[in-house]
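Note: the block below is data_10.cif and it holds mmCIF, C-alpha atoms.
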```
data_structure
#
loop_
_atom_site.label_atom_id
_atom_site.label_comp_id
_atom_site.auth_asym_id
_atom_site.auth_seq_id
_atom_site.Cartn_x
_atom_site.Cartn_y
_atom_site.Cartn_z
CA ASP A 215 0.00 0.00 0.00
CA THR A 216 1.00 3.66 -0.07
CA GLY A 217 2.40 3.53 3.45
CA VAL A 218 4.68 0.64 2.53
CA LYS A 219 5.83 2.40 -0.61
CA LYS A 220 6.72 5.55 1.31
CA TRP A 221 8.60 3.50 3.88
CA GLN A 222 10.66 1.83 1.18
CA GLN A 223 11.51 5.09 -0.51
CA ARG A 224 12.53 6.72 2.77
CA THR A 225 14.87 3.90 3.72
CA ALA A 226 16.41 3.41 0.28
CA SER A 227 20.06 4.45 0.15
CA GLY A 228 21.44 2.86 -2.98
CA THR A 229 20.32 0.83 -5.91
CA VAL A 230 19.87 -2.47 -4.13
CA ARG A 231 18.35 -1.20 -0.93
CA ILE A 232 14.95 -0.25 -2.30
CA SER A 233 13.36 -3.69 -1.81
CA ALA A 234 11.08 -4.75 1.01
CA GLY A 235 11.98 -8.33 0.14
CA ALA A 236 15.07 -9.89 -1.34
CA GLY A 237 16.77 -7.92 -4.11
CA THR A 238 19.82 -8.32 -6.27
CA VAL A 239 21.46 -5.94 -8.73
CA LYS A 240 23.76 -7.16 -11.49
CA LYS A 241 26.02 -4.84 -13.48
CA VAL A 242 27.69 -5.89 -16.74
CA ALA A 243 30.52 -3.64 -17.86
CA ASN A 244 33.89 -3.49 -19.57
CA ASN A 245 35.71 -3.20 -16.26
CA ILE A 246 35.03 -4.63 -12.84
CA VAL A 247 33.93 -2.04 -10.31
CA PRO A 248 35.82 -2.39 -7.01
CA THR A 249 33.38 -3.72 -4.45
CA SER A 250 34.53 -1.06 -1.98
CA LYS A 251 32.58 1.48 -4.01
CA PHE A 252 29.41 -0.33 -2.96
CA GLY A 253 30.44 -1.16 0.59
CA ARG A 254 28.30 1.57 2.12
CA ARG A 255 25.24 0.61 0.12
CA THR A 256 24.97 -3.16 0.28
CA GLN A 257 25.13 -5.93 2.82
CA GLY A 258 27.23 -8.07 0.49
CA ALA A 259 29.00 -7.81 -2.82
CA GLU A 260 30.73 -10.28 -5.08
CA ARG A 261 32.66 -9.88 -8.30
CA ASP A 262 33.47 -12.42 -10.96
CA ALA A 263 37.00 -12.13 -12.29
CA SER A 264 37.47 -15.82 -13.05
CA ASN A 265 37.87 -15.24 -16.77
CA SER A 266 40.23 -12.36 -17.45
CA PHE A 267 39.85 -12.86 -21.21
CA SER A 268 36.07 -12.38 -21.16
CA PRO A 269 34.86 -9.27 -23.03
CA LEU A 270 32.36 -8.67 -20.23
CA SER A 271 32.92 -8.58 -16.49
CA ILE A 272 30.28 -8.93 -13.81
CA LEU A 273 29.55 -7.09 -10.58
CA THR A 274 26.83 -8.31 -8.25
CA ALA A 275 25.46 -6.78 -5.08
CA SER A 276 22.61 -7.85 -2.85
CA ALA A 277 20.54 -6.60 0.06
CA GLN A 278 17.57 -7.77 2.05
CA ARG A 279 14.89 -5.68 3.73
CA THR A 280 12.10 -7.01 5.92
CA HIS A 281 8.76 -5.21 6.06
CA PRO A 282 8.33 -3.45 9.45
CA HIS A 283 5.24 -5.55 10.19
CA LYS A 284 7.23 -8.78 9.71
CA VAL A 285 10.42 -7.87 11.55
CA PHE A 286 9.38 -9.77 14.67
CA LYS A 287 9.21 -13.10 12.79
CA GLY A 288 12.01 -12.58 10.27
CA THR A 289 12.16 -12.58 6.49
CA GLU A 290 10.44 -15.06 4.18
CA ASP A 291 12.60 -14.06 1.19
CA PHE A 292 16.02 -15.48 0.37
CA PHE A 293 18.54 -15.10 -2.44
CA SER A 294 21.50 -16.95 -3.91
CA ILE A 295 24.54 -15.71 -5.84
CA CYS A 296 26.63 -18.65 -6.98
CA LYS A 297 29.22 -19.76 -9.53
CA PRO A 298 29.07 -23.20 -11.15
CA PHE A 299 31.99 -25.53 -10.54
CA LEU A 300 34.70 -25.12 -13.23
CA SER A 301 32.69 -22.51 -15.13
CA SER A 302 32.90 -18.77 -15.69
CA GLY A 303 29.12 -18.37 -15.51
CA LEU A 304 27.10 -16.94 -12.64
CA VAL A 305 23.63 -17.75 -11.33
CA LEU A 306 21.37 -15.51 -9.27
CA GLY A 307 18.16 -16.64 -7.63
CA VAL A 308 15.40 -15.25 -5.41
CA ALA A 309 12.78 -17.28 -3.52
CA ASP A 310 9.78 -15.79 -1.72
CA GLY A 311 8.00 -18.04 0.81
CA CYS A 312 4.19 -17.99 0.81
CA GLY A 313 3.10 -16.24 4.01
CA GLY A 314 -0.27 -18.00 4.05
CA TRP A 315 1.36 -21.14 5.49
CA ALA A 316 1.61 -19.44 8.86
CA LYS A 317 -2.13 -20.08 9.31
CA GLN A 318 -1.37 -23.82 9.07
CA GLY A 319 1.33 -23.57 11.71
CA VAL A 320 4.07 -23.80 9.08
CA ASP A 321 6.99 -21.37 9.03
CA PRO A 322 6.74 -19.74 5.55
CA ALA A 323 10.49 -19.08 5.54
CA LYS A 324 11.50 -22.71 5.87
CA TYR A 325 10.63 -23.74 2.31
CA SER A 326 12.11 -20.68 0.57
CA ARG A 327 15.27 -20.85 2.68
CA THR A 328 15.75 -24.54 1.94
CA LEU A 329 14.92 -24.07 -1.75
CA THR A 330 17.59 -21.38 -2.03
CA ARG A 331 20.18 -23.68 -0.48
CA HIS A 332 19.36 -26.36 -3.03
CA ILE A 333 19.56 -23.78 -5.85
CA THR A 334 23.08 -22.97 -4.69
CA GLN A 335 24.02 -26.64 -4.49
CA ALA A 336 22.63 -27.41 -7.95
CA VAL A 337 24.70 -24.60 -9.45
CA ARG A 338 27.86 -25.65 -7.63
CA ASN A 339 27.34 -29.12 -9.05
CA GLY A 340 27.48 -27.66 -12.55
CA SER A 341 23.90 -26.78 -13.56
CA LEU A 342 23.55 -23.59 -15.59
CA ASP A 343 20.10 -24.08 -17.11
CA PRO A 344 17.68 -22.17 -14.83
CA VAL A 345 14.76 -24.59 -15.24
CA GLU A 346 17.07 -27.50 -14.48
CA VAL A 347 18.36 -25.65 -11.42
CA LEU A 348 14.81 -25.09 -10.15
CA THR A 349 13.84 -28.68 -10.92
CA ILE A 350 16.74 -30.05 -8.90
CA ALA A 351 16.10 -27.60 -6.08
CA GLN A 352 12.38 -28.42 -5.93
CA ARG A 353 13.11 -32.15 -5.88
CA GLY A 354 15.51 -31.69 -2.97
CA THR A 355 13.32 -29.37 -0.89
CA ARG A 356 11.23 -31.81 1.12
CA VAL A 357 9.73 -29.52 3.75
CA LYS A 358 6.26 -28.07 4.20
CA GLY A 359 5.47 -24.73 2.59
CA SER A 360 5.79 -23.20 -0.87
CA SER A 361 7.63 -20.43 -2.65
CA THR A 362 7.76 -18.37 -5.81
CA ALA A 363 11.19 -18.28 -7.43
CA ILE A 364 13.26 -16.70 -10.16
CA VAL A 365 16.67 -17.81 -11.43
CA LEU A 366 18.93 -15.94 -13.87
CA ALA A 367 21.90 -17.78 -15.36
CA PHE A 368 24.65 -15.67 -16.95
CA ASP A 369 26.92 -17.50 -19.38
CA ASP A 370 29.15 -15.59 -21.76
CA ARG A 371 26.87 -13.01 -23.41
CA VAL A 372 23.59 -14.85 -22.88
CA VAL A 373 21.25 -14.64 -19.88
CA GLN A 374 18.68 -17.38 -19.39
CA VAL A 375 15.78 -16.75 -17.01
CA ALA A 376 13.21 -19.03 -15.38
CA THR A 377 10.32 -17.54 -13.41
CA VAL A 378 7.78 -19.33 -11.24
CA GLY A 379 5.19 -17.00 -9.73
CA ASP A 380 5.63 -13.27 -9.18
CA SER A 381 9.27 -12.92 -8.18
CA ALA A 382 10.65 -10.88 -11.06
CA PHE A 383 13.42 -8.97 -12.82
CA ARG A 384 13.87 -5.74 -14.71
CA LEU A 385 16.59 -5.12 -17.28
CA VAL A 386 17.73 -1.50 -17.25
CA ARG A 387 19.53 -0.58 -20.46
CA ASP A 388 20.45 2.91 -21.66
CA GLY A 389 18.52 4.54 -18.84
CA ARG A 390 15.22 2.77 -19.42
CA VAL A 391 13.55 -0.51 -18.53
CA ALA A 392 14.23 -2.52 -21.68
CA LYS A 393 12.71 -5.81 -20.52
CA ARG A 394 10.66 -7.13 -17.63
CA SER A 395 9.64 -10.63 -16.65
CA THR A 396 6.05 -11.84 -16.90
CA ALA A 397 4.50 -13.15 -13.68
CA LEU A 398 3.18 -16.70 -13.79
CA MET A 399 -0.20 -16.59 -12.03
CA HIS A 400 -3.17 -18.89 -11.48
CA GLY A 401 -5.29 -15.82 -10.67
CA THR A 402 -5.31 -12.58 -8.69
CA ASN A 403 -3.00 -12.89 -5.68
CA TYR A 404 -2.46 -16.56 -6.56
CA PRO A 405 1.01 -16.99 -8.07
CA TYR A 406 2.48 -20.27 -9.21
CA GLN A 407 4.53 -21.77 -6.38
CA LEU A 408 7.06 -24.54 -6.00
CA ALA A 409 6.37 -27.06 -3.23
CA CYS A 410 6.70 -30.72 -2.26
CA HIS A 411 3.38 -32.19 -3.41
CA GLU A 412 3.41 -35.13 -0.99
CA LEU A 413 3.77 -32.78 1.99
CA VAL A 414 1.42 -29.92 1.04
CA HIS A 415 -1.45 -31.85 -0.59
CA PRO A 416 -2.73 -33.30 2.73
CA LEU A 417 -2.85 -29.72 4.08
CA GLY A 418 -4.89 -28.47 1.13
CA GLY A 419 -1.96 -26.94 -0.70
CA THR A 420 -0.92 -27.33 -4.32
CA ALA A 421 2.49 -27.67 -5.93
CA ASP A 422 3.42 -26.32 -9.33
CA SER A 423 6.29 -27.80 -11.27
CA ALA A 424 9.54 -26.04 -12.14
CA SER A 425 8.99 -27.27 -15.70
CA SER A 426 6.06 -24.83 -15.98
CA ALA A 427 8.36 -21.83 -15.48
CA ASN A 428 8.28 -18.87 -17.84
CA ARG A 429 11.53 -18.76 -19.79
CA ASP A 430 13.41 -15.79 -21.25
CA THR A 431 16.68 -15.56 -23.17
CA ILE A 432 18.49 -12.22 -23.29
CA PHE A 433 21.66 -11.24 -25.13
CA GLN A 434 23.79 -9.05 -22.89
CA GLN A 435 25.19 -5.66 -23.72
CA SER A 436 27.92 -3.76 -21.94
CA GLY A 437 26.35 -1.56 -19.26
CA ASP A 438 23.25 -3.72 -18.69
CA VAL A 439 21.81 -3.71 -15.17
CA TYR A 440 19.50 -6.45 -13.89
CA VAL A 441 17.29 -5.78 -10.89
CA ILE A 442 15.96 -9.02 -9.39
CA GLY A 443 13.59 -9.29 -6.46
CA SER A 444 10.48 -10.67 -4.84
CA ASP A 445 7.05 -9.09 -5.28
CA GLY A 446 7.86 -7.03 -2.17
CA LEU A 447 9.97 -4.88 -4.49
CA PHE A 448 7.93 -4.70 -7.65
CA ASP A 449 4.48 -4.44 -6.05
CA ASN A 450 5.50 -1.28 -4.26
CA LEU A 451 8.01 0.39 -6.57
CA SER A 452 7.11 1.12 -10.17
CA ASP A 453 9.63 0.97 -12.99
CA GLN A 454 9.88 4.74 -12.81
CA ASP A 455 10.64 4.58 -9.08
CA ILE A 456 13.46 2.13 -9.78
CA LEU A 457 14.87 4.31 -12.56
CA LYS A 458 14.81 7.29 -10.18
CA GLU A 459 17.02 5.31 -7.79
CA PHE A 460 19.56 4.75 -10.54
CA LYS A 461 19.57 8.46 -11.40
CA ARG A 462 19.99 9.35 -7.74
CA THR A 463 22.71 6.77 -7.12
CA PRO A 464 24.30 5.97 -10.51
CA LEU A 465 26.39 2.84 -11.01
CA SER A 466 29.80 3.77 -12.35
CA CYS A 467 32.19 1.40 -14.10
CA GLU A 468 35.07 3.79 -14.37
#
```
Target encoding structure tokens, full file:
Amino acid sequence: DTGVKKWQQRTASGTVRISAGAGTVKKVANNIVPTSKFGRRTQGAERDASNSFSPLSILTASAQRTHPHKVFKGTEDFFSICKPFLSSGLVLGVADGCGGWAKQGVDPAKYSRTLTRHITQAVRNGSLDPVEVLTIAQRGTRVKGSSTAIVLAFDDRVVQVATVGDSAFRLVRDGRVAKRSTALMHGTNYPYQLACHELVHPLGGTADSASSANRDTIFQQSGDVYVIGSDGLFDNLSDQDILKEFKRTPLSCE
């Protein structure tokens, strides 16, 4: 609502700190930006310099914000930034636990937290296809609950995206939003969600399959910025709000 939006805008102090949920920013440029430039703005930063001959270098930064009304119970959103074993690629993922499980006595954070761990493990084992990553992670997450998810896999100059539910991304290119993901929804306020069918069906829940994910393929350009987050970001900040943050706190690659 408006109050939430104002709270987010007041507390934003950098490109990745405008999210009420989990958020990740990815910068593709000719030169790697020293992470110290972002040290005051993010809770964590990672750079990929594994391939010095690559025409593109990657900077990632991430931050997590919990809505004031949920601080007492902790976040339900989690993210992963991971490199595959023996590969120069990079995979970023966000999972947003379904809060409705709290009414069933189930911690909504448990599924999304565990799913994110399995996303990381799948990538470290060599998976770079985002649907395959989600499939492996869903198969390994055998706890009650459910979660939306988005995974972006960066390999050379191609980005592959898999989206389940309403976690999303925006591609900012040349000062405008050049591409946005499409939410995968059953209906209003009813996003597709990954879950363990055997565990949630007896409780009246449903489980969507990672194979149903929306897929996107994007060819990277130098200077591209990817903003990835849960619906806690994109429900409350419009594309124009996000672009204003970039204008206020520009990302430099010099």
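Atom CA of A:Thr328 to atom CA of A:Ser381 spans 16.7 Å [interatomic distance, one decimal].
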Given all atoms listed in the file as the counted atoms, nearest of A:Ser294, A:Thr402, A:Ser395, A:Ser302 to A:Ile333
A:Ser294
Set the distance at 10 Å and use only C-alpha atoms: which residues neighbour A:Leu413 once local chain neighbours fewer than 4 positions away are removed? I'd like the list as a list in words.
Arg356, Val357, Lys358, Gly359, Ala409, Leu417, Gly418, Gly419, Thr420 and Ala421 of chain A
Hits of the PyMOL selection byres ((chain A and resi 293) around 10) in this structure, as a PyMOL selection string:
chain A and resi 235-238+276-278+291-292+294-296+306-310+326-327+329-331+333-334+363-365+442-444
Please produce a file of those selected residues containing C-alpha atoms, as a compact mmCIF listing (two decimals), in the frame of the given file.
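Written out: again-v8.txt:
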```
# COMPACT_ATOMS: atom_id res chain seq x y z
CA GLY A 235 11.98 -8.33 0.14
CA ALA A 236 15.07 -9.89 -1.34
CA GLY A 237 16.77 -7.92 -4.11
CA THR A 238 19.82 -8.32 -6.27
CA SER A 276 22.61 -7.85 -2.85
CA ALA A 277 20.54 -6.60 0.06
CA GLN A 278 17.57 -7.77 2.05
CA ASP A 291 12.60 -14.06 1.19
CA PHE A 292 16.02 -15.48 0.37
CA SER A 294 21.50 -16.95 -3.91
CA ILE A 295 24.54 -15.71 -5.84
CA CYS A 296 26.63 -18.65 -6.98
CA LEU A 306 21.37 -15.51 -9.27
CA GLY A 307 18.16 -16.64 -7.63
CA VAL A 308 15.40 -15.25 -5.41
CA ALA A 309 12.78 -17.28 -3.52
CA ASP A 310 9.78 -15.79 -1.72
CA SER A 326 12.11 -20.68 0.57
CA ARG A 327 15.27 -20.85 2.68
CA LEU A 329 14.92 -24.07 -1.75
CA THR A 330 17.59 -21.38 -2.03
CA ARG A 331 20.18 -23.68 -0.48
CA ILE A 333 19.56 -23.78 -5.85
CA THR A 334 23.08 -22.97 -4.69
CA ALA A 363 11.19 -18.28 -7.43
CA ILE A 364 13.26 -16.70 -10.16
CA VAL A 365 16.67 -17.81 -11.43
CA ILE A 442 15.96 -9.02 -9.39
CA GLY A 443 13.59 -9.29 -6.46
CA SER A 444 10.48 -10.67 -4.84
```
May I have the residues within 9 Å of A:Ala336 as an MDAnalysis selection string, using only C-alpha atoms and disregarding those fewer than 2 positions away in the same chain?
chainID A and resid 298 331:334 338:342 346:348 350:351
Any chance you could work out the residue set of the PyMOL selection byres ((chain A and resi 397) around 7) here, as a PDB file with C-alpha atoms, in the coordinates of the input?
```pdb
ATOM      1  CA  GLY A 379       5.190 -17.000  -9.730  1.00  0.00           C
ATOM      2  CA  ASP A 380       5.630 -13.270  -9.180  1.00  0.00           C
ATOM      3  CA  SER A 395       9.640 -10.630 -16.650  1.00  0.00           C
ATOM      4  CA  THR A 396       6.050 -11.840 -16.900  1.00  0.00           C
ATOM      5  CA  LEU A 398       3.180 -16.700 -13.790  1.00  0.00           C
ATOM      6  CA  MET A 399      -0.200 -16.590 -12.030  1.00  0.00           C
TER       7      MET A 399
END
```
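Note that the spacing between atom CA of A:Gly311 and atom CA of A:Ser452 amounts to 22.1 Å.
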I'd like the neighbourhood of A:Val372 as number ranges by chain, where a residue qualifies if any of its atoms comes within 6 Å (using only C-alpha atoms), though same-chain residues fewer than 5 positions away should be ignored.
A: 432-434
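Using all atoms listed in the file, the shortest contact distance between A:Tyr440 and any of A:Lys317, A:His411, A:Lys461, A:Arg390 is found at A:Arg390.
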